[in-house]
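First the structure, in the form of structure tokens, and then the observations on it.
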Amino acid sequence: MEIAERIKEIKKEKNALILAHYYQSEEVQEVSDFIGDSLQLAQAAQKAESDIIVLCGVYFMAETAKILNENKKVLIPDKYAGCFLADNFSLSTLLKLKKLYSDHVVVSYINSSIDVKAESDIICTSSNAIKIIESIPKDKGIIFTPDKNLGNYLMNITGRKMILADSHCYVHVQFSVDMLLDVKERNLDAKIVAHPECEMPIITLADFVGSTSQILNFVSKDSSKKYIVLTEPGILYKMKKQNPDKEFIFLPPKDLSLGTENYCRTMKLITLENLLEALLYEKFEVIIEKELLEKAKKPIIKMMELSK
Ligand code: 13P
Ligand code: SF4
């Protein structure tokens, strides 16, 4: 039997729900029950009624699903599917910042470790970050972690000054201004859409900046026929499905040794094969110590309430 068919069969037998991020491979997205951005995945996990949730994405997404629905068994098909941005900001740096700026509100991007979340006042995703920052009283200072690029973008948009951490997404910093200008010159009718994890020189050239789901919405509603898309190419599967008559151009990474596609490698660790194994053997289960879970839950719930 084909792997995809077997996945569907076992999913039903075990009453499991498969949630996938837009950066997953086409085959994984095809067998999933729901595809979304970080916020949508968290919302879907929160209201899931299945016995098992399998999160096809990176670790912090599975961890967030567990935090929001702790009585469910939450699985991730590859336990090494981490997020570079989250993994490159440590709790100790946050604690130093908190000591120095003890009266500041700590806003952390959902792409962060559970330890960092537990020491934060509120979490945000790229789709609700502006709203979350604007919910903080104007006289309050803000520490923003861990993505300096999203932080810079938010300072620009909201006019708020923030103390920034210095992590970044290794995928989104691989877009080159030179390459972008070359492609734009050859495609003057194309609009540029970018994820806010991109660096500022790229952001300033974009016609639209938003989360993966916001980019998808924009290209579906917008009247142009061609787009230069500055985010991970997994998003193309949904883009093409929703807009079969439009053209989408993706840029390769500026470091050519990385290949021709600007992939998030850890997102791509999830395959049909390990998804099937996850369902069959119920691995790898996300286990979180109760006290830590409760501490990290508070700032996530605050975000969920503000995102309704
Ligand atoms: P979104 O929440 O916009 O899907 O972003 C998640 C992510 O990891 C982008 O690199
Ligand atoms: Fe993390 Fe970047 Fe991959 Fe998104 S694309 S999961 S931010 S490493």
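Residues in the structure tokens are named by chain (A, B, ... in the order shown) and by number from 1 within that chain; ligands are numbered from 1 in the order shown.
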For ligand 1, collect every residue having any atom at a distance of at most 9 Å from a ligand atom (counting only C-alpha atoms and all ligand atoms); output as a PyMOL selection string. chain A and resi 21-23+36-41+57-58+61+83+85+110-111+125-127+169+171-172+195-197+210-215+231-232+264+267
What's around Glu289 in chain A at 12 Å? Count only C-alpha atoms, leave out sequence neighbours fewer than 5 positions away in its own chain, and write the answer as a PyMOL selection string. chain A and resi 63+66-67+70+114-115+294-296
Deliver the residues from the most recent selection as a file, using all heavy atoms, as a short mmCIF file (atom, residue, chain, number, x, y, z; two decimals), in the first residue's frame.
```cif
data_model
loop_
_atom_site.label_atom_id
_atom_site.label_comp_id
_atom_site.auth_asym_id
_atom_site.auth_seq_id
_atom_site.Cartn_x
_atom_site.Cartn_y
_atom_site.Cartn_z
N GLU A 63 5.83 21.76 20.63
CA GLU A 63 5.86 22.10 22.05
C GLU A 63 4.68 23.02 22.40
O GLU A 63 4.00 22.83 23.41
CB GLU A 63 7.18 22.83 22.32
CG GLU A 63 7.72 22.71 23.70
CD GLU A 63 9.17 23.20 23.71
OE1 GLU A 63 9.46 24.31 23.22
OE2 GLU A 63 10.02 22.46 24.21
N LYS A 66 1.52 21.07 22.60
CA LYS A 66 1.42 20.33 23.86
C LYS A 66 1.02 21.27 25.00
O LYS A 66 0.16 20.94 25.83
CB LYS A 66 2.78 19.67 24.17
CG LYS A 66 2.81 18.89 25.46
CD LYS A 66 1.97 17.63 25.37
CE LYS A 66 1.90 16.88 26.70
NZ LYS A 66 1.00 15.73 26.61
N ILE A 67 1.63 22.45 25.03
CA ILE A 67 1.34 23.41 26.11
C ILE A 67 -0.15 23.79 26.08
O ILE A 67 -0.79 23.92 27.11
CB ILE A 67 2.24 24.67 25.97
CG1 ILE A 67 3.71 24.29 26.21
CG2 ILE A 67 1.81 25.79 26.92
CD1 ILE A 67 4.72 25.38 25.84
N GLU A 70 -2.55 19.99 26.87
CA GLU A 70 -1.60 19.10 27.56
C GLU A 70 -2.08 17.68 27.79
O GLU A 70 -1.29 16.78 28.04
CB GLU A 70 -1.13 19.72 28.89
CG GLU A 70 -2.24 20.03 29.85
CD GLU A 70 -1.75 20.86 31.03
OE1 GLU A 70 -1.07 20.29 31.89
OE2 GLU A 70 -2.06 22.06 31.09
N ILE A 114 11.21 26.85 25.13
CA ILE A 114 10.20 26.89 26.22
C ILE A 114 10.74 27.64 27.43
O ILE A 114 10.00 28.33 28.13
CB ILE A 114 9.72 25.46 26.58
CG1 ILE A 114 8.53 25.53 27.53
CG2 ILE A 114 10.84 24.61 27.15
CD1 ILE A 114 7.74 24.25 27.66
N ASP A 115 12.06 27.56 27.67
CA ASP A 115 12.65 28.28 28.81
C ASP A 115 12.52 29.79 28.61
O ASP A 115 12.24 30.53 29.55
CB ASP A 115 14.16 27.97 28.92
CG ASP A 115 14.41 26.51 29.18
OD1 ASP A 115 13.56 25.88 29.82
OD2 ASP A 115 15.45 26.00 28.73
N GLU A 294 3.40 25.01 32.83
CA GLU A 294 2.47 26.02 33.37
C GLU A 294 3.04 27.43 33.24
O GLU A 294 2.33 28.38 32.93
CB GLU A 294 2.17 25.73 34.85
CG GLU A 294 1.31 24.50 35.08
CD GLU A 294 -0.02 24.51 34.32
OE1 GLU A 294 -0.54 25.59 34.02
OE2 GLU A 294 -0.51 23.40 33.99
N LYS A 295 4.35 27.55 33.44
CA LYS A 295 5.00 28.86 33.38
C LYS A 295 5.00 29.40 31.93
O LYS A 295 4.75 30.58 31.68
CB LYS A 295 6.44 28.73 33.89
CG LYS A 295 6.87 29.92 34.73
CD LYS A 295 8.22 29.74 35.36
CE LYS A 295 8.78 31.13 35.64
NZ LYS A 295 10.20 31.15 35.86
N ALA A 296 5.26 28.50 30.98
CA ALA A 296 5.32 28.92 29.58
C ALA A 296 3.91 29.16 29.02
O ALA A 296 3.73 29.90 28.05
CB ALA A 296 6.05 27.86 28.76
#
```
Which of these residues is nearest to Leu258 in chain A, using only C-alpha atoms: A:Asn243, A:Gln174, A:Asn217, A:Gln43?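 Looking only at the distances to Leu258 in chain A, the closest residue turns out to be A:Gln174.
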In terms of the shortest atom-to-atom distance over only C-alpha atoms, which of A:Ala45, A:Leu181, A:Ile10, A:Ile142 is closest to Ser102 in chain A? A:Ile142
For Ile270 in chain A: contacts at 10 Å, only C-alpha atoms, fewer than 5 positions along chain excluded, given as a ChimeraX atom specification: /A:20,24-25,28,55-58,76-81,265,275
Any chance you could export the current selection's C-alpha atoms as a PDB file, in the first residue's frame?
```
ATOM      1  CA  ALA A  20       1.421  20.888   9.111  1.00  0.00           C
ATOM      2  CA  GLN A  24       6.398  21.261   4.803  1.00  0.00           C
ATOM      3  CA  SER A  25       6.957  19.257   1.633  1.00  0.00           C
ATOM      4  CA  VAL A  28       3.329  15.982   3.809  1.00  0.00           C
ATOM      5  CA  LEU A  55       2.818  18.250  14.351  1.00  0.00           C
ATOM      6  CA  CYS A  56       4.643  18.371  11.019  1.00  0.00           C
ATOM      7  CA  GLY A  57       6.807  21.417  11.537  1.00  0.00           C
ATOM      8  CA  VAL A  58       9.625  22.397  13.872  1.00  0.00           C
ATOM      9  CA  ILE A  76       6.754  15.250  16.093  1.00  0.00           C
ATOM     10  CA  PRO A  77       8.008  12.840  13.380  1.00  0.00           C
ATOM     11  CA  ASP A  78      11.660  13.925  13.733  1.00  0.00           C
ATOM     12  CA  LYS A  79      12.863  15.002  17.167  1.00  0.00           C
ATOM     13  CA  TYR A  80      15.793  16.896  15.623  1.00  0.00           C
ATOM     14  CA  ALA A  81      13.536  19.258  13.690  1.00  0.00           C
ATOM     15  CA  ARG A 265      16.388  22.133   6.354  1.00  0.00           C
ATOM     16  CA  LEU A 275       5.275  10.661   9.634  1.00  0.00           C
TER      17      LEU A 275
END
```
